[in-house]
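Below is the file entry.cif, which contains mmCIF, N, CA and C atoms.
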```cif
data_work
#
loop_
_atom_site.label_atom_id
_atom_site.label_comp_id
_atom_site.auth_asym_id
_atom_site.auth_seq_id
_atom_site.Cartn_x
_atom_site.Cartn_y
_atom_site.Cartn_z
N GLN L 190 46.86 0.62 89.16
CA GLN L 190 47.93 1.05 88.27
C GLN L 190 49.14 0.18 88.49
N VAL L 191 49.69 -0.31 87.39
CA VAL L 191 50.86 -1.16 87.47
C VAL L 191 52.08 -0.32 87.80
N GLN L 192 52.85 -0.80 88.75
CA GLN L 192 54.03 -0.04 89.14
C GLN L 192 55.11 -0.95 89.66
N LEU L 193 56.34 -0.68 89.25
CA LEU L 193 57.51 -1.35 89.78
C LEU L 193 58.40 -0.28 90.39
N VAL L 194 58.80 -0.46 91.62
CA VAL L 194 59.62 0.54 92.30
C VAL L 194 60.84 -0.14 92.88
N GLU L 195 62.01 0.28 92.40
CA GLU L 195 63.27 -0.26 92.90
C GLU L 195 63.79 0.58 94.06
N SER L 196 64.51 -0.06 94.93
CA SER L 196 65.17 0.61 96.03
C SER L 196 66.38 -0.22 96.43
N GLY L 197 67.23 0.37 97.28
CA GLY L 197 68.33 -0.41 97.81
C GLY L 197 69.64 -0.29 97.10
N GLY L 198 69.72 0.59 96.10
CA GLY L 198 71.01 0.86 95.49
C GLY L 198 71.85 1.71 96.42
N GLY L 199 73.01 2.12 95.94
CA GLY L 199 73.86 2.97 96.78
C GLY L 199 75.28 3.05 96.26
N SER L 200 76.12 3.72 97.01
CA SER L 200 77.53 3.87 96.67
C SER L 200 78.35 3.09 97.68
N VAL L 201 79.15 2.15 97.19
CA VAL L 201 79.92 1.27 98.06
C VAL L 201 81.34 1.13 97.54
N GLN L 202 82.15 0.47 98.34
CA GLN L 202 83.53 0.17 97.96
C GLN L 202 83.58 -1.21 97.29
N ALA L 203 84.62 -1.41 96.49
CA ALA L 203 84.82 -2.71 95.87
C ALA L 203 84.87 -3.79 96.94
N GLY L 204 84.20 -4.89 96.68
CA GLY L 204 84.14 -5.99 97.63
C GLY L 204 82.92 -5.97 98.53
N ASP L 205 82.23 -4.83 98.58
CA ASP L 205 81.03 -4.72 99.42
C ASP L 205 79.83 -5.39 98.76
N SER L 206 78.73 -5.39 99.48
CA SER L 206 77.49 -5.99 98.99
C SER L 206 76.34 -4.99 99.07
N LEU L 207 75.36 -5.21 98.22
CA LEU L 207 74.11 -4.45 98.24
C LEU L 207 72.96 -5.41 97.94
N ARG L 208 71.74 -5.00 98.29
CA ARG L 208 70.59 -5.86 98.01
C ARG L 208 69.44 -5.01 97.49
N PRO L 209 69.51 -4.60 96.23
CA PRO L 209 68.37 -3.86 95.67
C PRO L 209 67.10 -4.71 95.71
N SER L 210 65.99 -4.03 95.85
CA SER L 210 64.70 -4.71 95.91
C SER L 210 63.73 -4.05 94.95
N CYS L 211 62.80 -4.83 94.44
CA CYS L 211 61.79 -4.35 93.50
C CYS L 211 60.41 -4.63 94.11
N ALA L 212 59.67 -3.59 94.39
CA ALA L 212 58.29 -3.73 94.89
C ALA L 212 57.35 -3.71 93.69
N ILE L 213 56.50 -4.73 93.63
CA ILE L 213 55.64 -4.90 92.47
C ILE L 213 54.19 -4.68 92.86
N SER L 214 53.60 -3.64 92.37
CA SER L 214 52.18 -3.38 92.64
C SER L 214 51.40 -3.65 91.37
N VAL L 215 51.14 -4.90 91.13
CA VAL L 215 50.38 -5.32 89.96
C VAL L 215 49.51 -6.48 90.38
N ARG L 216 48.33 -6.54 89.83
CA ARG L 216 47.43 -7.64 90.18
C ARG L 216 48.08 -8.95 89.80
N SER L 217 48.04 -9.90 90.69
CA SER L 217 48.61 -11.22 90.46
C SER L 217 50.10 -11.15 90.15
N SER L 218 50.84 -10.45 91.02
CA SER L 218 52.28 -10.34 90.79
C SER L 218 52.93 -11.71 90.80
N SER L 219 52.33 -12.66 91.49
CA SER L 219 52.89 -14.01 91.53
C SER L 219 52.72 -14.73 90.21
N SER L 220 52.04 -14.13 89.25
CA SER L 220 51.90 -14.70 87.92
C SER L 220 52.88 -14.08 86.93
N HIS L 221 53.75 -13.23 87.43
CA HIS L 221 54.69 -12.52 86.58
C HIS L 221 56.12 -13.02 86.77
N SER L 222 56.81 -13.20 85.66
CA SER L 222 58.24 -13.37 85.71
C SER L 222 58.87 -11.99 85.95
N VAL L 223 59.98 -11.97 86.65
CA VAL L 223 60.66 -10.71 86.96
C VAL L 223 62.15 -10.86 86.67
N ALA L 224 62.72 -9.82 86.14
CA ALA L 224 64.15 -9.83 85.85
C ALA L 224 64.77 -8.50 86.24
N TRP L 225 66.06 -8.56 86.49
CA TRP L 225 66.87 -7.36 86.72
C TRP L 225 67.76 -7.15 85.50
N PHE L 226 67.81 -5.90 85.07
CA PHE L 226 68.70 -5.49 84.01
C PHE L 226 69.56 -4.34 84.54
N ARG L 227 70.62 -4.04 83.84
CA ARG L 227 71.44 -2.90 84.23
C ARG L 227 71.95 -2.19 82.99
N GLN L 228 72.23 -0.92 83.17
CA GLN L 228 72.79 -0.13 82.07
C GLN L 228 73.78 0.88 82.64
N ALA L 229 75.00 0.78 82.16
CA ALA L 229 76.04 1.72 82.54
C ALA L 229 76.12 2.83 81.49
N PRO L 230 76.64 3.99 81.87
CA PRO L 230 76.73 5.09 80.90
C PRO L 230 77.53 4.68 79.67
N GLY L 231 76.96 4.94 78.50
CA GLY L 231 77.64 4.63 77.26
C GLY L 231 77.61 3.17 76.86
N LYS L 232 76.91 2.34 77.64
CA LYS L 232 76.83 0.92 77.33
C LYS L 232 75.38 0.49 77.11
N GLU L 233 75.21 -0.63 76.45
CA GLU L 233 73.88 -1.16 76.23
C GLU L 233 73.32 -1.79 77.51
N ARG L 234 72.01 -1.82 77.58
CA ARG L 234 71.36 -2.50 78.68
C ARG L 234 71.64 -4.01 78.60
N GLU L 235 71.88 -4.62 79.74
CA GLU L 235 72.15 -6.05 79.76
C GLU L 235 71.38 -6.73 80.87
N GLY L 236 71.01 -7.96 80.62
CA GLY L 236 70.32 -8.73 81.63
C GLY L 236 71.25 -9.16 82.73
N VAL L 237 70.75 -9.20 83.94
CA VAL L 237 71.54 -9.60 85.11
C VAL L 237 71.05 -10.94 85.66
N ALA L 238 69.76 -10.99 86.01
CA ALA L 238 69.17 -12.20 86.56
C ALA L 238 67.67 -12.16 86.37
N GLY L 239 67.06 -13.33 86.23
CA GLY L 239 65.61 -13.41 86.06
C GLY L 239 65.05 -14.58 86.84
N ILE L 240 63.78 -14.48 87.22
CA ILE L 240 63.15 -15.52 88.04
C ILE L 240 61.72 -15.74 87.57
N SER L 241 61.30 -16.99 87.59
CA SER L 241 59.96 -17.36 87.16
C SER L 241 58.91 -16.92 88.17
N PRO L 242 57.64 -16.97 87.79
CA PRO L 242 56.58 -16.50 88.70
C PRO L 242 56.59 -17.20 90.06
N GLY L 243 56.80 -18.48 90.08
CA GLY L 243 56.80 -19.19 91.35
C GLY L 243 58.13 -19.22 92.04
N GLY L 244 59.17 -18.80 91.35
CA GLY L 244 60.50 -18.74 91.94
C GLY L 244 61.33 -20.00 91.79
N SER L 245 60.78 -21.02 91.13
CA SER L 245 61.53 -22.28 91.05
C SER L 245 62.54 -22.30 89.92
N SER L 246 62.39 -21.41 88.95
CA SER L 246 63.33 -21.33 87.83
C SER L 246 63.96 -19.95 87.80
N TYR L 247 65.26 -19.92 87.49
CA TYR L 247 65.95 -18.64 87.44
C TYR L 247 67.18 -18.79 86.57
N THR L 248 67.74 -17.65 86.20
CA THR L 248 68.93 -17.65 85.37
C THR L 248 69.74 -16.41 85.67
N TYR L 249 71.02 -16.49 85.35
CA TYR L 249 71.94 -15.39 85.60
C TYR L 249 72.79 -15.14 84.36
N ALA L 250 73.17 -13.90 84.16
CA ALA L 250 74.21 -13.61 83.17
C ALA L 250 75.52 -14.19 83.67
N ASN L 251 76.41 -14.46 82.76
CA ASN L 251 77.69 -15.08 83.16
C ASN L 251 78.43 -14.25 84.20
N PHE L 252 78.39 -12.94 84.05
CA PHE L 252 79.15 -12.10 84.99
C PHE L 252 78.52 -12.11 86.38
N ALA L 253 77.23 -12.49 86.45
CA ALA L 253 76.52 -12.45 87.72
C ALA L 253 76.56 -13.78 88.47
N ARG L 254 76.81 -14.83 87.72
CA ARG L 254 76.76 -16.16 88.33
C ARG L 254 77.77 -16.27 89.47
N ASP L 255 77.32 -16.81 90.59
CA ASP L 255 78.13 -17.05 91.79
C ASP L 255 78.45 -15.79 92.58
N ARG L 256 78.03 -14.61 92.09
CA ARG L 256 78.19 -13.36 92.87
C ARG L 256 76.85 -12.74 93.22
N PHE L 257 75.91 -12.83 92.28
CA PHE L 257 74.61 -12.20 92.48
C PHE L 257 73.55 -13.29 92.67
N PHE L 258 72.52 -12.99 93.47
CA PHE L 258 71.48 -13.97 93.74
C PHE L 258 70.12 -13.30 93.74
N ILE L 259 69.21 -13.85 92.97
CA ILE L 259 67.85 -13.30 92.86
C ILE L 259 66.90 -14.16 93.67
N ASP L 260 65.98 -13.51 94.36
CA ASP L 260 64.94 -14.25 95.04
C ASP L 260 63.68 -13.40 95.08
N ARG L 261 62.55 -14.03 95.37
CA ARG L 261 61.29 -13.31 95.41
C ARG L 261 60.46 -13.78 96.60
N ASP L 262 59.66 -12.87 97.10
CA ASP L 262 58.72 -13.15 98.17
C ASP L 262 57.35 -12.73 97.66
N ASN L 263 56.59 -13.69 97.16
CA ASN L 263 55.30 -13.35 96.56
C ASN L 263 54.28 -12.90 97.60
N SER L 264 54.50 -13.24 98.85
CA SER L 264 53.59 -12.77 99.89
C SER L 264 53.76 -11.27 100.13
N ARG L 265 54.93 -10.76 99.78
CA ARG L 265 55.22 -9.34 99.94
C ARG L 265 55.36 -8.62 98.60
N ASN L 266 55.16 -9.36 97.50
CA ASN L 266 55.25 -8.77 96.16
C ASN L 266 56.60 -8.08 95.94
N THR L 267 57.66 -8.74 96.32
CA THR L 267 58.99 -8.16 96.13
C THR L 267 59.93 -9.18 95.48
N VAL L 268 60.85 -8.66 94.71
CA VAL L 268 61.93 -9.45 94.13
C VAL L 268 63.24 -8.73 94.44
N SER L 269 64.16 -9.43 95.04
CA SER L 269 65.42 -8.82 95.45
C SER L 269 66.58 -9.39 94.66
N LEU L 270 67.65 -8.63 94.62
CA LEU L 270 68.87 -9.06 93.94
C LEU L 270 70.05 -8.80 94.87
N LYS L 271 70.59 -9.84 95.44
CA LYS L 271 71.75 -9.69 96.32
C LYS L 271 73.00 -9.59 95.49
N LEU L 272 73.71 -8.50 95.65
CA LEU L 272 74.94 -8.25 94.90
C LEU L 272 76.12 -8.40 95.84
N ASN L 273 76.92 -9.43 95.63
CA ASN L 273 78.07 -9.68 96.49
C ASN L 273 79.38 -9.37 95.75
N ASN L 274 80.40 -9.07 96.53
CA ASN L 274 81.73 -8.84 95.97
C ASN L 274 81.68 -7.89 94.77
N LEU L 275 81.09 -6.75 94.98
CA LEU L 275 80.91 -5.78 93.91
C LEU L 275 82.24 -5.23 93.42
N ALA L 276 82.28 -4.94 92.13
CA ALA L 276 83.47 -4.38 91.49
C ALA L 276 83.09 -3.09 90.76
N PRO L 277 84.07 -2.23 90.48
CA PRO L 277 83.74 -0.97 89.78
C PRO L 277 82.98 -1.18 88.48
N GLU L 278 83.24 -2.27 87.79
CA GLU L 278 82.53 -2.53 86.53
C GLU L 278 81.07 -2.90 86.74
N ASP L 279 80.65 -3.07 87.97
CA ASP L 279 79.23 -3.31 88.26
C ASP L 279 78.46 -2.00 88.40
N THR L 280 79.16 -0.88 88.33
CA THR L 280 78.50 0.41 88.42
C THR L 280 77.53 0.59 87.27
N ALA L 281 76.26 0.85 87.60
CA ALA L 281 75.21 0.98 86.59
C ALA L 281 73.90 1.35 87.26
N MET L 282 72.94 1.71 86.44
CA MET L 282 71.56 1.82 86.91
C MET L 282 70.94 0.44 86.79
N TYR L 283 70.36 -0.04 87.86
CA TYR L 283 69.74 -1.36 87.88
C TYR L 283 68.22 -1.21 87.82
N TYR L 284 67.62 -1.92 86.88
CA TYR L 284 66.18 -1.85 86.65
C TYR L 284 65.55 -3.22 86.88
N CYS L 285 64.35 -3.22 87.43
CA CYS L 285 63.59 -4.46 87.43
C CYS L 285 62.49 -4.35 86.38
N ALA L 286 62.11 -5.50 85.85
CA ALA L 286 61.08 -5.57 84.82
C ALA L 286 60.21 -6.79 85.08
N ALA L 287 58.96 -6.72 84.69
CA ALA L 287 58.03 -7.82 84.93
C ALA L 287 57.21 -8.11 83.68
N LYS L 288 56.85 -9.39 83.52
CA LYS L 288 55.99 -9.79 82.41
C LYS L 288 55.08 -10.91 82.88
N LEU L 289 53.91 -10.97 82.33
CA LEU L 289 52.95 -11.99 82.71
C LEU L 289 53.36 -13.34 82.16
N GLY L 290 53.36 -14.34 83.03
CA GLY L 290 53.66 -15.69 82.59
C GLY L 290 55.14 -16.01 82.61
N PHE L 291 55.43 -17.18 82.03
CA PHE L 291 56.81 -17.67 82.00
C PHE L 291 57.06 -18.32 80.65
N GLY L 292 57.94 -17.73 79.90
CA GLY L 292 58.21 -18.28 78.58
C GLY L 292 59.42 -19.17 78.52
N GLY L 293 59.86 -19.65 79.68
CA GLY L 293 61.04 -20.49 79.75
C GLY L 293 62.25 -19.72 80.22
N VAL L 294 63.20 -20.45 80.75
CA VAL L 294 64.40 -19.81 81.30
C VAL L 294 65.12 -18.99 80.25
N SER L 295 65.12 -19.48 79.03
CA SER L 295 65.89 -18.79 77.98
C SER L 295 65.34 -17.42 77.65
N SER L 296 64.10 -17.14 78.03
CA SER L 296 63.51 -15.84 77.72
C SER L 296 63.57 -14.86 78.88
N LEU L 297 64.03 -15.31 80.02
CA LEU L 297 64.00 -14.44 81.22
C LEU L 297 64.86 -13.20 81.06
N LEU L 298 65.93 -13.27 80.29
CA LEU L 298 66.82 -12.11 80.18
C LEU L 298 66.71 -11.42 78.82
N LEU L 299 65.57 -11.60 78.17
CA LEU L 299 65.33 -10.91 76.91
C LEU L 299 64.52 -9.65 77.18
N PRO L 300 65.13 -8.46 77.12
CA PRO L 300 64.44 -7.24 77.53
C PRO L 300 63.20 -6.92 76.69
N ASP L 301 63.20 -7.29 75.43
CA ASP L 301 62.06 -6.96 74.57
C ASP L 301 60.80 -7.72 74.92
N THR L 302 60.93 -8.75 75.77
CA THR L 302 59.75 -9.51 76.17
C THR L 302 59.05 -8.90 77.39
N TYR L 303 59.63 -7.84 77.94
CA TYR L 303 59.07 -7.20 79.13
C TYR L 303 58.40 -5.89 78.77
N LYS L 304 57.21 -5.69 79.32
CA LYS L 304 56.48 -4.44 79.08
C LYS L 304 56.45 -3.55 80.31
N LEU L 305 56.71 -4.13 81.48
CA LEU L 305 56.63 -3.37 82.73
C LEU L 305 58.04 -3.13 83.26
N TRP L 306 58.37 -1.86 83.49
CA TRP L 306 59.71 -1.48 83.94
C TRP L 306 59.64 -0.49 85.08
N GLY L 307 60.60 -0.59 85.99
CA GLY L 307 60.74 0.40 87.03
C GLY L 307 61.62 1.54 86.58
N GLN L 308 61.82 2.50 87.49
CA GLN L 308 62.63 3.69 87.18
C GLN L 308 64.12 3.47 87.41
N GLY L 309 64.46 2.42 88.14
CA GLY L 309 65.86 2.10 88.34
C GLY L 309 66.39 2.57 89.68
N THR L 310 67.45 1.92 90.12
CA THR L 310 68.17 2.32 91.31
C THR L 310 69.66 2.27 91.00
N GLN L 311 70.37 3.32 91.37
CA GLN L 311 71.78 3.45 90.99
C GLN L 311 72.68 2.65 91.94
N VAL L 312 73.59 1.91 91.34
CA VAL L 312 74.64 1.22 92.09
C VAL L 312 75.98 1.78 91.61
N THR L 313 76.75 2.31 92.55
CA THR L 313 78.07 2.87 92.23
C THR L 313 79.11 2.21 93.10
N VAL L 314 80.13 1.65 92.46
CA VAL L 314 81.17 0.92 93.18
C VAL L 314 82.50 1.61 92.89
N SER L 315 83.17 2.01 93.93
CA SER L 315 84.46 2.66 93.78
C SER L 315 85.58 1.72 94.22
N SER L 316 86.71 1.89 93.61
CA SER L 316 87.85 1.01 93.92
C SER L 316 88.64 1.49 95.12
#
```

Spit out the file's structure as structure tokens when you get a sec.
Amino acid sequence: QVQLVESGGGSVQAGDSLRPSCAISVRSSSSHSVAWFRQAPGKEREGVAGISPGGSSYTYANFARDRFFIDRDNSRNTVSLKLNNLAPEDTAMYYCAAKLGFGGVSSLLLPDTYKLWGQGTQVTVSS
């Protein structure tokens, strides 16, 4: 059974860091592109960061660049998202998603291209 399970969210102060992780239990997880999305209450879901199956290609949303870092360990079937210098506007539910193959960097943050989604992990940042 295909499953994505996020963990590592939490409640922190502005300026702190968190490292949510996504455990991927799918056959040939190393053949899947993985991305992180987030959704705050009353706002649309938005892409945060995405990484290719082998990890050599990745992309970030503008707000994430230079603060957030995505990496994957295919030997452990995990993809992590290091969140640095968090701000209250980063408060959201963070979801990981996976899709088979790699359609190019430009497609990594397109949510409609993903069929596999986790349940999310909450990140709350207070000022």

Residues at most 8 Å from region 261-270 of chain L, counting all atoms listed in the file, excluding those fewer than 4 positions away in the same chain, as a PyMOL selection string? chain L and resi 207-215+218-219+223+225+240+242-244+257

Reference answer for the PyMOL selection byres ((chain L and resi 285) around 6), as a CSV table (one decimal) with N, CA and C atoms, keeping the file's coordinate frame:
```csv
chain,number,residue,atom,x,y,z
L,224,ALA,N,62.7,-9.8,86.1
L,224,ALA,CA,64.2,-9.8,85.8
L,224,ALA,C,64.8,-8.5,86.2
L,225,TRP,N,66.1,-8.6,86.5
L,225,TRP,CA,66.9,-7.4,86.7
L,225,TRP,C,67.8,-7.2,85.5
L,226,PHE,N,67.8,-5.9,85.1
L,226,PHE,CA,68.7,-5.5,84.0
L,226,PHE,C,69.6,-4.3,84.5
L,283,TYR,N,70.4,0.0,87.9
L,283,TYR,CA,69.7,-1.4,87.9
L,283,TYR,C,68.2,-1.2,87.8
L,284,TYR,N,67.6,-1.9,86.9
L,284,TYR,CA,66.2,-1.8,86.6
L,284,TYR,C,65.6,-3.2,86.9
L,286,ALA,N,62.1,-5.5,85.8
L,286,ALA,CA,61.1,-5.6,84.8
L,286,ALA,C,60.2,-6.8,85.1
L,287,ALA,N,59.0,-6.7,84.7
L,287,ALA,CA,58.0,-7.8,84.9
L,287,ALA,C,57.2,-8.1,83.7
L,305,LEU,N,56.7,-4.1,81.5
L,305,LEU,CA,56.6,-3.4,82.7
L,305,LEU,C,58.0,-3.1,83.3
L,306,TRP,N,58.4,-1.9,83.5
L,306,TRP,CA,59.7,-1.5,83.9
L,306,TRP,C,59.6,-0.5,85.1
L,307,GLY,N,60.6,-0.6,86.0
L,307,GLY,CA,60.7,0.4,87.0
L,307,GLY,C,61.6,1.5,86.6
L,309,GLY,N,64.5,2.4,88.1
L,309,GLY,CA,65.9,2.1,88.3
L,309,GLY,C,66.4,2.6,89.7
```

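Interatomic distance, atom C of Glu278 (chain L) to atom N of Val314 (chain L): 7.4 Å.
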
Just say which residues the PyMOL selection byres (((chain L and resi 280 and name CA) around 12) and name CA) picks in this file, as a list in words. Gly198, Gly199, Ser200, Val201, Gln202, Ala203, Leu207, Arg227, Gln228, Ala229, Pro230, Gly231, Lys232, Leu272, Leu275, Ala276, Pro277, Glu278, Asp279, Ala281, Met282, Tyr283, Thr310, Gln311, Val312, Thr313, Val314, Ser315 and Ser316 of chain L

To test your reading of the structure, identify every residue in region 210-301 of chain L that backbone DSSP assigns to helix (DSSP H, G or I), and report it as a list in words. Ser218, Ser219, Ser220, Pro277, Glu278, Asp279, Val294, Ser295, Ser296, Pro300 and Asp301 of chain L

Write the selection just made, keeping N, CA and C atoms, as a CSV table (one decimal), in the frame of the given file?
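Result file is selection_34.csv:
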```
chain,number,residue,atom,x,y,z
L,218,SER,N,50.8,-10.4,91.0
L,218,SER,CA,52.3,-10.3,90.8
L,218,SER,C,52.9,-11.7,90.8
L,219,SER,N,52.3,-12.7,91.5
L,219,SER,CA,52.9,-14.0,91.5
L,219,SER,C,52.7,-14.7,90.2
L,220,SER,N,52.0,-14.1,89.2
L,220,SER,CA,51.9,-14.7,87.9
L,220,SER,C,52.9,-14.1,86.9
L,277,PRO,N,84.1,-2.2,90.5
L,277,PRO,CA,83.7,-1.0,89.8
L,277,PRO,C,83.0,-1.2,88.5
L,278,GLU,N,83.2,-2.3,87.8
L,278,GLU,CA,82.5,-2.5,86.5
L,278,GLU,C,81.1,-2.9,86.7
L,279,ASP,N,80.6,-3.1,88.0
L,279,ASP,CA,79.2,-3.3,88.3
L,279,ASP,C,78.5,-2.0,88.4
L,294,VAL,N,63.2,-20.4,80.8
L,294,VAL,CA,64.4,-19.8,81.3
L,294,VAL,C,65.1,-19.0,80.2
L,295,SER,N,65.1,-19.5,79.0
L,295,SER,CA,65.9,-18.8,78.0
L,295,SER,C,65.3,-17.4,77.6
L,296,SER,N,64.1,-17.1,78.0
L,296,SER,CA,63.5,-15.8,77.7
L,296,SER,C,63.6,-14.9,78.9
L,300,PRO,N,65.1,-8.5,77.1
L,300,PRO,CA,64.4,-7.2,77.5
L,300,PRO,C,63.2,-6.9,76.7
L,301,ASP,N,63.2,-7.3,75.4
L,301,ASP,CA,62.1,-7.0,74.6
L,301,ASP,C,60.8,-7.7,74.9
```

For the atom pair CA of Leu193 (chain L) and CA of Gly290 (chain L), what is the interatomic distance in Å to one decimal place?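 Rounded to one decimal, the two atoms are 16.5 Å apart.
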
As a VMD selection string, please: all residues of region 258-312 of chain L that backbone DSSP puts in strand (DSSP E or B). chain L and resid 258 to 262 267 to 272 281 to 290 305 to 306 310 to 312

Provide the atom N of Leu289 (chain L) to atom N of Phe252 (chain L) distance in Å, to one decimal place. 24.6 Å

Check the smallest atom-to-atom distance from each of L:Lys288, L:Arg256, L:Arg234, L:Lys271 to Ser222 (chain L) using only N, CA and C atoms, then report the winner.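 Selected residue with least distance to Ser222 (chain L): L:Lys288.
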
For Tyr247 (chain L), which of L:Glu235, L:Asp301, L:Ile259, L:Val194 is the closest residue, counting only N, CA and C atoms?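 Closest to Tyr247 (chain L) of all the choices is L:Ile259.
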
Near Val294 (chain L), counting only N, CA and C atoms, which residues have an atom at most 8 Å away, once you skip same-chain residues fewer than 4 positions from it, shown as number ranges by chain? L: 239-241, 246-248, 298-299

Create the file for the chosen residues now, containing N, CA and C atoms and written as a short mmCIF file (atom, residue, chain, number, x, y, z; two decimals), in the frame of the given file.
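Final output, saved to out33.cif:
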```cif
data_model
loop_
_atom_site.label_atom_id
_atom_site.label_comp_id
_atom_site.auth_asym_id
_atom_site.auth_seq_id
_atom_site.Cartn_x
_atom_site.Cartn_y
_atom_site.Cartn_z
N GLY L 239 67.06 -13.33 86.23
CA GLY L 239 65.61 -13.41 86.06
C GLY L 239 65.05 -14.58 86.84
N ILE L 240 63.78 -14.48 87.22
CA ILE L 240 63.15 -15.52 88.04
C ILE L 240 61.72 -15.74 87.57
N SER L 241 61.30 -16.99 87.59
CA SER L 241 59.96 -17.36 87.16
C SER L 241 58.91 -16.92 88.17
N SER L 246 62.39 -21.41 88.95
CA SER L 246 63.33 -21.33 87.83
C SER L 246 63.96 -19.95 87.80
N TYR L 247 65.26 -19.92 87.49
CA TYR L 247 65.95 -18.64 87.44
C TYR L 247 67.18 -18.79 86.57
N THR L 248 67.74 -17.65 86.20
CA THR L 248 68.93 -17.65 85.37
C THR L 248 69.74 -16.41 85.67
N LEU L 298 65.93 -13.27 80.29
CA LEU L 298 66.82 -12.11 80.18
C LEU L 298 66.71 -11.42 78.82
N LEU L 299 65.57 -11.60 78.17
CA LEU L 299 65.33 -10.91 76.91
C LEU L 299 64.52 -9.65 77.18
#
```

Could you tell me which of L:Ser220, L:Gln308, L:Phe258, L:Ala253 comes closest to Glu195 (chain L) if we count only N, CA and C atoms? L:Gln308
